[in-house]
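Engineer: Okay, handing you the structure first.
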Amino acid sequence: TGNQFITKGIHTLSNTAQQQFTTDVYSRQRIIGVFGDATLSYRNFAFLNGTLRNDWSSTLPVENRSYLYPSVSGSVIVTDALNLKSNVLDYAKIRAGWAKVGRDAPPYSLNDVYTINPSFAAVPSASLPSTANSPDLKPEFTTELELGTQLSFAKRRVELDFTWYDKRSTNLIAVITTPPSSGYLAQVTNFGAIKNTGVEIDLIVRPVRGKDFSWDVHGVFTHNENTVTELTSGVDRIQMAGIISGINPYLEPGKPFGYLRGTVSARDAEGNLLIDPVTGWGITADDEQMIGDPTPDFKMGITNTFRYKGLSLNVLWDWTQGGDI
């Protein structure tokens with residue numbers, strides 16, 4: 001609560017002489033969009049879908065606030081198209097899709113504005129934030145290509161769903177640190193681009209399928225390669241939130257997102273460790289290097305489900321390989 005406005009026309013709690021509050025935050029954002037969706041099918045075995053969307057966002061500059069993004073996907077049920085009848089292959093489907101998605105900025109990321117501070121001795125004051133905004137922000141876009149198939153064998157005793165994807169995000173909007181000499185500690189900007197490529201495998205096997213007892217094995221495998229492909233002009237790397245002294249996550253082109261960078265031991269040209277002859281301790285190299293990749297090599301989970309009449313038992317086995325922490 002706040003009583004007695006100090007300056008006429010500034011309707012904020014911080015512009016009152018008598019206050020009792022913890023924070024005073026108000027944000028407003030407006031998005032207008034149009035969307036179209038069309039689906040075609042042929043003899044119920046071939047399908048084609050397309051979408052088109054355009055948004056106008058108040059959080060982007062006038063020249064960039066309108067952004068268009070489409071998608072298209074198709075699938076063919078091969079067994080129906082070729083009229084396949086087999087005791088081995090029950091169902092076969094192939095699919096492909098391409099999509100582009102746009103994203104705007106958080107509210108009030110364009111212009112630097114003064115904040116009214118609590119008054120001192122009935123004298124109001126104002127200050128600029130420590131994070132600089134950017135008046136030329138562009139919308140963030142993510143495009144993804146996905147290919148996949150669904151297969152079923154031996155009257156659904158084995159079912160396989162396989163997906164390969166390539167996902168690329170550009171003009172990423174985020175807050176990055178800046179030198180204090182700039183007058184700010186951070187800045188909202190389009191900092192770069194990231195690529196994700198990987199596979200997802202979903203496999204179901206039913207070894208036992210009886211009237212009273214059944215056993216299902218469901219396995220999921222994922223592998224993803226995450227790479228920073230571009231940073232804003234003139235920036236070689238960006239430090240993310242600090243963890244401990246000497247080890248911090250970074251963004252750098254050609255390296256995994258959030259790779260760990262820290263101090264390493266100095267070595268000679270042949271790779272031998274350099275030792276301080278006085279202390280006997282190893283010598284630390286002058287420059288920090290990559291010392292860890294937080295991205296796992298793969299993740300896998302296997303669930304065994306046993307059913308006997310009205311009872312069921314689930315056993316989950318989860319495995320994450322790699323990923324430095």
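Each chain of the structure tokens is named A, B, ... in the order shown, its residues numbered from 1; ligands are numbered from 1 in display order.
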Mind checking which residues fall within 10 Å of Asn196 (chain A), counting only C-alpha atoms, ignoring those fewer than 5 positions away in the same chain, and posting them as a compact mmCIF listing (two decimals) with all heavy atoms, in the first residue's frame?

Structural biologist:
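Result saved to selection_30.txt:
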# COMPACT_ATOMS: atom_id res chain seq x y z
N GLU A 144 12.69 -26.61 -37.80
CA GLU A 144 12.99 -28.02 -37.52
C GLU A 144 12.55 -28.90 -38.68
O GLU A 144 11.45 -28.74 -39.22
CB GLU A 144 12.30 -28.48 -36.24
CG GLU A 144 12.60 -29.93 -35.89
CD GLU A 144 12.08 -30.33 -34.51
OE1 GLU A 144 11.44 -29.48 -33.87
OE2 GLU A 144 12.32 -31.48 -34.10
N TYR A 165 15.73 -35.75 -36.22
CA TYR A 165 15.38 -34.33 -36.30
C TYR A 165 16.61 -33.46 -36.40
O TYR A 165 17.70 -33.82 -35.95
CB TYR A 165 14.54 -33.91 -35.08
CG TYR A 165 15.25 -34.07 -33.76
CD1 TYR A 165 16.05 -33.05 -33.24
CD2 TYR A 165 15.14 -35.24 -33.02
CE1 TYR A 165 16.71 -33.19 -32.03
CE2 TYR A 165 15.80 -35.39 -31.81
CZ TYR A 165 16.58 -34.36 -31.32
OH TYR A 165 17.24 -34.51 -30.12
N ASP A 166 16.41 -32.32 -37.00
CA ASP A 166 17.44 -31.27 -37.09
C ASP A 166 16.74 -29.96 -36.77
O ASP A 166 15.92 -29.47 -37.54
CB ASP A 166 18.04 -31.24 -38.49
CG ASP A 166 19.23 -30.28 -38.57
OD1 ASP A 166 19.01 -29.07 -38.35
OD2 ASP A 166 20.35 -30.72 -38.87
N LYS A 167 17.08 -29.38 -35.63
CA LYS A 167 16.40 -28.20 -35.10
C LYS A 167 17.40 -27.06 -34.96
O LYS A 167 18.43 -27.22 -34.32
CB LYS A 167 15.76 -28.53 -33.76
CG LYS A 167 14.95 -27.41 -33.13
CD LYS A 167 14.32 -27.91 -31.84
CE LYS A 167 13.47 -26.84 -31.18
NZ LYS A 167 12.86 -27.34 -29.91
N ARG A 168 17.07 -25.90 -35.55
CA ARG A 168 17.99 -24.76 -35.53
C ARG A 168 17.25 -23.52 -35.07
O ARG A 168 16.18 -23.17 -35.61
CB ARG A 168 18.61 -24.54 -36.91
CG ARG A 168 19.41 -25.76 -37.39
CD ARG A 168 19.81 -25.64 -38.85
NE ARG A 168 20.44 -26.89 -39.30
CZ ARG A 168 21.74 -27.05 -39.47
NH1 ARG A 168 22.57 -26.06 -39.21
NH2 ARG A 168 22.22 -28.20 -39.88
N SER A 169 17.82 -22.84 -34.07
CA SER A 169 17.24 -21.61 -33.53
C SER A 169 18.17 -20.45 -33.86
O SER A 169 19.38 -20.52 -33.64
CB SER A 169 17.05 -21.72 -32.02
OG SER A 169 16.16 -22.78 -31.70
N ASN A 224 21.02 -36.60 -28.50
CA ASN A 224 20.93 -35.22 -28.99
C ASN A 224 22.31 -34.58 -28.98
O ASN A 224 23.06 -34.72 -28.01
CB ASN A 224 19.97 -34.41 -28.12
CG ASN A 224 19.85 -32.97 -28.60
OD1 ASN A 224 19.24 -32.71 -29.62
ND2 ASN A 224 20.43 -32.04 -27.87
N GLU A 225 22.64 -33.91 -30.05
CA GLU A 225 23.87 -33.13 -30.15
C GLU A 225 23.49 -31.65 -30.21
O GLU A 225 22.84 -31.21 -31.16
CB GLU A 225 24.67 -33.53 -31.39
CG GLU A 225 25.22 -34.95 -31.34
CD GLU A 225 26.08 -35.29 -32.53
OE1 GLU A 225 26.30 -34.36 -33.38
OE2 GLU A 225 26.54 -36.43 -32.64
N ASN A 226 23.91 -30.91 -29.20
CA ASN A 226 23.57 -29.50 -29.07
C ASN A 226 24.83 -28.67 -29.32
O ASN A 226 25.83 -28.84 -28.63
CB ASN A 226 23.00 -29.23 -27.67
CG ASN A 226 22.53 -27.81 -27.49
OD1 ASN A 226 23.23 -26.87 -27.81
ND2 ASN A 226 21.33 -27.66 -26.97
N THR A 227 24.77 -27.76 -30.29
CA THR A 227 25.95 -26.98 -30.66
C THR A 227 25.57 -25.52 -30.87
O THR A 227 24.58 -25.23 -31.55
CB THR A 227 26.59 -27.52 -31.95
OG1 THR A 227 26.85 -28.92 -31.81
CG2 THR A 227 27.90 -26.79 -32.24
N VAL A 228 26.35 -24.63 -30.28
CA VAL A 228 26.19 -23.21 -30.56
C VAL A 228 26.87 -22.92 -31.90
O VAL A 228 28.04 -23.23 -32.10
CB VAL A 228 26.83 -22.35 -29.45
CG1 VAL A 228 26.75 -20.87 -29.80
CG2 VAL A 228 26.13 -22.62 -28.12
N PRO A 256 29.42 -27.20 -27.43
CA PRO A 256 28.08 -27.50 -26.89
C PRO A 256 27.53 -26.33 -26.07
O PRO A 256 28.29 -25.55 -25.48
CB PRO A 256 28.32 -28.73 -26.01
CG PRO A 256 29.60 -29.32 -26.49
CD PRO A 256 30.43 -28.18 -26.97
N PHE A 257 26.22 -26.23 -26.02
CA PHE A 257 25.56 -25.19 -25.24
C PHE A 257 25.90 -25.38 -23.76
O PHE A 257 25.73 -26.45 -23.20
CB PHE A 257 24.04 -25.30 -25.43
CG PHE A 257 23.26 -24.28 -24.65
CD1 PHE A 257 22.98 -23.04 -25.19
CD2 PHE A 257 22.81 -24.57 -23.38
CE1 PHE A 257 22.26 -22.11 -24.47
CE2 PHE A 257 22.09 -23.64 -22.64
CZ PHE A 257 21.82 -22.40 -23.20

Engineer: Just want the 9 Å neighbourhood of Gly262 (chain A), counted on only C-alpha atoms, with same-chain residues fewer than 5 positions away dropped. Output as a list in words.

Structural biologist: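 After dropping sequence-adjacent residues, the list is Ser245, Gly246, Ile247, Asn248, Pro249, Asp287, Glu288, Gln289, Met290, Ile291 and Gly292 of chain A.
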
Engineer: Just to be explicit: take each residue in the selection above, keep N, CA and C atoms, and write the result as a PDB file, in the first residue's frame.

Structural biologist:
ATOM      1  N   SER A 245      34.199 -20.939  -8.307  1.00  0.00           N
ATOM      2  CA  SER A 245      35.395 -20.247  -8.769  1.00  0.00           C
ATOM      3  C   SER A 245      36.227 -21.160  -9.676  1.00  0.00           C
ATOM      4  N   GLY A 246      36.531 -20.661 -10.867  1.00  0.00           N
ATOM      5  CA  GLY A 246      37.383 -21.425 -11.785  1.00  0.00           C
ATOM      6  C   GLY A 246      36.629 -22.315 -12.741  1.00  0.00           C
ATOM      7  N   ILE A 247      35.311 -22.509 -12.573  1.00  0.00           N
ATOM      8  CA  ILE A 247      34.514 -23.333 -13.481  1.00  0.00           C
ATOM      9  C   ILE A 247      33.207 -22.605 -13.760  1.00  0.00           C
ATOM     10  N   ASN A 248      32.927 -22.335 -15.033  1.00  0.00           N
ATOM     11  CA  ASN A 248      31.699 -21.642 -15.411  1.00  0.00           C
ATOM     12  C   ASN A 248      31.185 -22.174 -16.744  1.00  0.00           C
ATOM     13  N   PRO A 249      29.873 -22.167 -16.963  1.00  0.00           N
ATOM     14  CA  PRO A 249      29.319 -22.556 -18.265  1.00  0.00           C
ATOM     15  C   PRO A 249      29.406 -21.408 -19.259  1.00  0.00           C
ATOM     16  N   ASP A 287      45.650 -19.619 -19.860  1.00  0.00           N
ATOM     17  CA  ASP A 287      44.322 -19.517 -20.464  1.00  0.00           C
ATOM     18  C   ASP A 287      43.431 -20.676 -20.023  1.00  0.00           C
ATOM     19  N   GLU A 288      42.143 -20.346 -19.743  1.00  0.00           N
ATOM     20  CA  GLU A 288      41.176 -21.384 -19.435  1.00  0.00           C
ATOM     21  C   GLU A 288      40.813 -22.143 -20.708  1.00  0.00           C
ATOM     22  N   GLN A 289      40.331 -23.372 -20.534  1.00  0.00           N
ATOM     23  CA  GLN A 289      39.948 -24.209 -21.672  1.00  0.00           C
ATOM     24  C   GLN A 289      38.662 -24.954 -21.353  1.00  0.00           C
ATOM     25  N   MET A 290      38.132 -25.642 -22.360  1.00  0.00           N
ATOM     26  CA  MET A 290      36.958 -26.489 -22.163  1.00  0.00           C
ATOM     27  C   MET A 290      37.341 -27.697 -21.320  1.00  0.00           C
ATOM     28  N   ILE A 291      36.618 -27.897 -20.221  1.00  0.00           N
ATOM     29  CA  ILE A 291      36.923 -29.022 -19.336  1.00  0.00           C
ATOM     30  C   ILE A 291      35.739 -29.963 -19.156  1.00  0.00           C
ATOM     31  N   GLY A 292      34.604 -29.660 -19.801  1.00  0.00           N
ATOM     32  CA  GLY A 292      33.460 -30.550 -19.642  1.00  0.00           C
ATOM     33  C   GLY A 292      32.333 -30.216 -20.609  1.00  0.00           C
TER      34      GLY A 292
END

Engineer: Restrict the calculation to only C-alpha atoms, then for each residue of region 200-286 of chain A with any atom at most 10 Å from an atom of region 183-194 of chain A give the closest atom pair and their distance in Å to one decimal, rows by chain and rising residue number, as JSON lines.

Structural biologist:
{"residue": "A:Asn226", "atom": "CA", "partner": "A:Ile194", "partner_atom": "CA", "distance": 7.2}
{"residue": "A:Thr227", "atom": "CA", "partner": "A:Ile194", "partner_atom": "CA", "distance": 5.8}
{"residue": "A:Val228", "atom": "CA", "partner": "A:Ile194", "partner_atom": "CA", "distance": 4.4}
{"residue": "A:Thr229", "atom": "CA", "partner": "A:Ile194", "partner_atom": "CA", "distance": 5.4}
{"residue": "A:Glu230", "atom": "CA", "partner": "A:Gly192", "partner_atom": "CA", "distance": 4.8}
{"residue": "A:Leu231", "atom": "CA", "partner": "A:Gly192", "partner_atom": "CA", "distance": 3.9}
{"residue": "A:Thr232", "atom": "CA", "partner": "A:Phe191", "partner_atom": "CA", "distance": 4.7}
{"residue": "A:Ser233", "atom": "CA", "partner": "A:Phe191", "partner_atom": "CA", "distance": 8.5}
{"residue": "A:Val235", "atom": "CA", "partner": "A:Phe191", "partner_atom": "CA", "distance": 8.9}
{"residue": "A:Ile238", "atom": "CA", "partner": "A:Phe191", "partner_atom": "CA", "distance": 9.0}
{"residue": "A:Leu251", "atom": "CA", "partner": "A:Gly192", "partner_atom": "CA", "distance": 9.5}
{"residue": "A:Glu252", "atom": "CA", "partner": "A:Gly192", "partner_atom": "CA", "distance": 9.7}
{"residue": "A:Pro253", "atom": "CA", "partner": "A:Ala193", "partner_atom": "CA", "distance": 8.7}
{"residue": "A:Gly254", "atom": "CA", "partner": "A:Ile194", "partner_atom": "CA", "distance": 9.6}
{"residue": "A:Lys255", "atom": "CA", "partner": "A:Ile194", "partner_atom": "CA", "distance": 10.0}
{"residue": "A:Pro256", "atom": "CA", "partner": "A:Ile194", "partner_atom": "CA", "distance": 9.0}
{"residue": "A:Phe257", "atom": "CA", "partner": "A:Ile194", "partner_atom": "CA", "distance": 7.8}

Engineer: By how many Å are CA of Tyr26 (chain A) and CA of Glu63 (chain A) apart?

Structural biologist: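 That distance, rounded to one decimal, is 25.4 Å.
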
Engineer: List the neighbours of region 102-111 of chain A out to 7 Å using only C-alpha atoms; skip same-chain residues closer than 3 positions along the sequence, and give me the result as number ranges by chain.

Structural biologist: A: 27-29, 57, 59-60, 67, 69, 133-135, 139-142, 173, 188

Engineer: Measure the distance from CA of Phe306 (chain A) to CA of Val220 (chain A) in Å and round it to one decimal.

Structural biologist: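 CA of Phe306 (chain A) sits 17.9 Å away from CA of Val220 (chain A).
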
Engineer: Quick one: residues within 9 Å of region 207-216 of chain A, only C-alpha atoms counted, chain neighbours fewer than 3 positions away excluded, as a list in words?

Structural biologist: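 Counting only the stated atoms, we get Arg157, Val158, Ile204, Thr303, Asn304, Thr305, Phe306, Arg307, Tyr308, Lys309 and Gly310 of chain A.
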
Engineer: Write a file of the just-selected residues containing N, CA, C and O atoms, as a PDB file, in the first residue's frame.

Structural biologist:
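That gives us again-v2.pdb:
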ATOM      1  N   ARG A 157       3.180 -57.534 -31.737  1.00  0.00           N
ATOM      2  CA  ARG A 157       4.096 -58.002 -30.694  1.00  0.00           C
ATOM      3  C   ARG A 157       5.339 -57.116 -30.624  1.00  0.00           C
ATOM      4  O   ARG A 157       5.971 -57.017 -29.571  1.00  0.00           O
ATOM      5  N   VAL A 158       5.690 -56.481 -31.741  1.00  0.00           N
ATOM      6  CA  VAL A 158       6.821 -55.550 -31.786  1.00  0.00           C
ATOM      7  C   VAL A 158       6.349 -54.279 -32.496  1.00  0.00           C
ATOM      8  O   VAL A 158       5.829 -54.347 -33.623  1.00  0.00           O
ATOM      9  N   ILE A 204       8.479 -51.110 -28.436  1.00  0.00           N
ATOM     10  CA  ILE A 204       7.633 -51.920 -27.554  1.00  0.00           C
ATOM     11  C   ILE A 204       7.710 -53.376 -28.005  1.00  0.00           C
ATOM     12  O   ILE A 204       7.495 -53.682 -29.182  1.00  0.00           O
ATOM     13  N   THR A 303      11.022 -49.980 -19.445  1.00  0.00           N
ATOM     14  CA  THR A 303       9.964 -50.311 -18.487  1.00  0.00           C
ATOM     15  C   THR A 303       9.428 -51.704 -18.777  1.00  0.00           C
ATOM     16  O   THR A 303       9.002 -51.996 -19.899  1.00  0.00           O
ATOM     17  N   ASN A 304       9.461 -52.563 -17.771  1.00  0.00           N
ATOM     18  CA  ASN A 304       8.846 -53.882 -17.849  1.00  0.00           C
ATOM     19  C   ASN A 304       7.514 -53.835 -17.115  1.00  0.00           C
ATOM     20  O   ASN A 304       7.456 -53.428 -15.954  1.00  0.00           O
ATOM     21  N   THR A 305       6.452 -54.241 -17.777  1.00  0.00           N
ATOM     22  CA  THR A 305       5.116 -54.260 -17.187  1.00  0.00           C
ATOM     23  C   THR A 305       4.580 -55.689 -17.188  1.00  0.00           C
ATOM     24  O   THR A 305       4.455 -56.311 -18.247  1.00  0.00           O
ATOM     25  N   PHE A 306       4.302 -56.187 -15.993  1.00  0.00           N
ATOM     26  CA  PHE A 306       3.742 -57.528 -15.836  1.00  0.00           C
ATOM     27  C   PHE A 306       2.286 -57.396 -15.384  1.00  0.00           C
ATOM     28  O   PHE A 306       1.992 -56.687 -14.421  1.00  0.00           O
ATOM     29  N   ARG A 307       1.382 -58.080 -16.057  1.00  0.00           N
ATOM     30  CA  ARG A 307      -0.039 -58.040 -15.712  1.00  0.00           C
ATOM     31  C   ARG A 307      -0.553 -59.457 -15.474  1.00  0.00           C
ATOM     32  O   ARG A 307      -0.310 -60.360 -16.282  1.00  0.00           O
ATOM     33  N   TYR A 308      -1.251 -59.610 -14.362  1.00  0.00           N
ATOM     34  CA  TYR A 308      -1.904 -60.889 -14.056  1.00  0.00           C
ATOM     35  C   TYR A 308      -3.326 -60.587 -13.610  1.00  0.00           C
ATOM     36  O   TYR A 308      -3.541 -60.017 -12.541  1.00  0.00           O
ATOM     37  N   LYS A 309      -4.250 -60.898 -14.494  1.00  0.00           N
ATOM     38  CA  LYS A 309      -5.663 -60.602 -14.263  1.00  0.00           C
ATOM     39  C   LYS A 309      -5.826 -59.113 -13.937  1.00  0.00           C
ATOM     40  O   LYS A 309      -5.549 -58.263 -14.757  1.00  0.00           O
ATOM     41  N   GLY A 310      -6.239 -58.766 -12.739  1.00  0.00           N
ATOM     42  CA  GLY A 310      -6.468 -57.368 -12.402  1.00  0.00           C
ATOM     43  C   GLY A 310      -5.284 -56.678 -11.768  1.00  0.00           C
ATOM     44  O   GLY A 310      -5.395 -55.514 -11.351  1.00  0.00           O
TER      45      GLY A 310
END

Engineer: Given the choices A:Glu159, A:Asp276, A:Asp90, A:Asp318, which gets closest to Lys299 (chain A) if the distance is worked out from only C-alpha atoms?

Structural biologist: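 Comparing A:Glu159, A:Asp276, A:Asp90, A:Asp318 against Lys299 (chain A), the winner is A:Asp318.
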
Engineer: Quick one: pick out all strand (DSSP E) residues within region 202-267 of chain A from a backbone DSSP run and write them as JSON, numbers by chain.

Structural biologist: {"A": [202, 203, 204, 205, 206, 207, 208, 209, 213, 214, 215, 216, 217, 218, 219, 220, 221, 222, 223, 224, 225, 226, 227, 228, 229, 230, 231, 238, 239, 247, 248, 249, 250, 251, 259, 260, 261, 262]}

Engineer: Find the residues near region 40-45 of chain A: any atom within 6 Å, counting only C-alpha atoms, skip ones fewer than 5 places away on the same chain, and give them as a list of chain:residue names.

Structural biologist: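 The contact residues come out as A:Val76, A:Ile77, A:Ala81.
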
Engineer: Atoms to include: all heavy atoms. Write the selected residues as an mmCIF file, in the first residue's frame.

Structural biologist:
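As written to disk, again_33.cif reads:
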data_model
loop_
_atom_site.group_PDB
_atom_site.id
_atom_site.type_symbol
_atom_site.label_atom_id
_atom_site.label_comp_id
_atom_site.auth_asym_id
_atom_site.auth_seq_id
_atom_site.Cartn_x
_atom_site.Cartn_y
_atom_site.Cartn_z
ATOM 1 N N VAL A 76 2.521 -41.154 -45.141
ATOM 2 C CA VAL A 76 1.955 -42.194 -46.010
ATOM 3 C C VAL A 76 1.930 -43.502 -45.239
ATOM 4 O O VAL A 76 2.958 -43.925 -44.685
ATOM 5 C CB VAL A 76 2.781 -42.372 -47.309
ATOM 6 C CG1 VAL A 76 2.223 -43.523 -48.133
ATOM 7 C CG2 VAL A 76 2.792 -41.085 -48.121
ATOM 8 N N ILE A 77 0.751 -44.124 -45.177
ATOM 9 C CA ILE A 77 0.633 -45.460 -44.579
ATOM 10 C C ILE A 77 0.947 -46.467 -45.685
ATOM 11 O O ILE A 77 0.107 -46.751 -46.558
ATOM 12 C CB ILE A 77 -0.770 -45.683 -43.997
ATOM 13 C CG1 ILE A 77 -1.089 -44.598 -42.963
ATOM 14 C CG2 ILE A 77 -0.872 -47.077 -43.361
ATOM 15 C CD1 ILE A 77 -2.509 -44.686 -42.404
ATOM 16 N N ALA A 81 -1.302 -48.213 -48.650
ATOM 17 C CA ALA A 81 -1.080 -47.756 -50.020
ATOM 18 C C ALA A 81 -0.767 -48.911 -50.962
ATOM 19 O O ALA A 81 -1.218 -48.937 -52.113
ATOM 20 C CB ALA A 81 0.052 -46.735 -50.043
#

Engineer: Counting only C-alpha atoms, which residue out of A:Asp136, A:Val78, A:Ala269, A:Pro294 sits closest to Tyr250 (chain A)?

Structural biologist: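 Comparing A:Asp136, A:Val78, A:Ala269, A:Pro294 against Tyr250 (chain A), the winner is A:Pro294.
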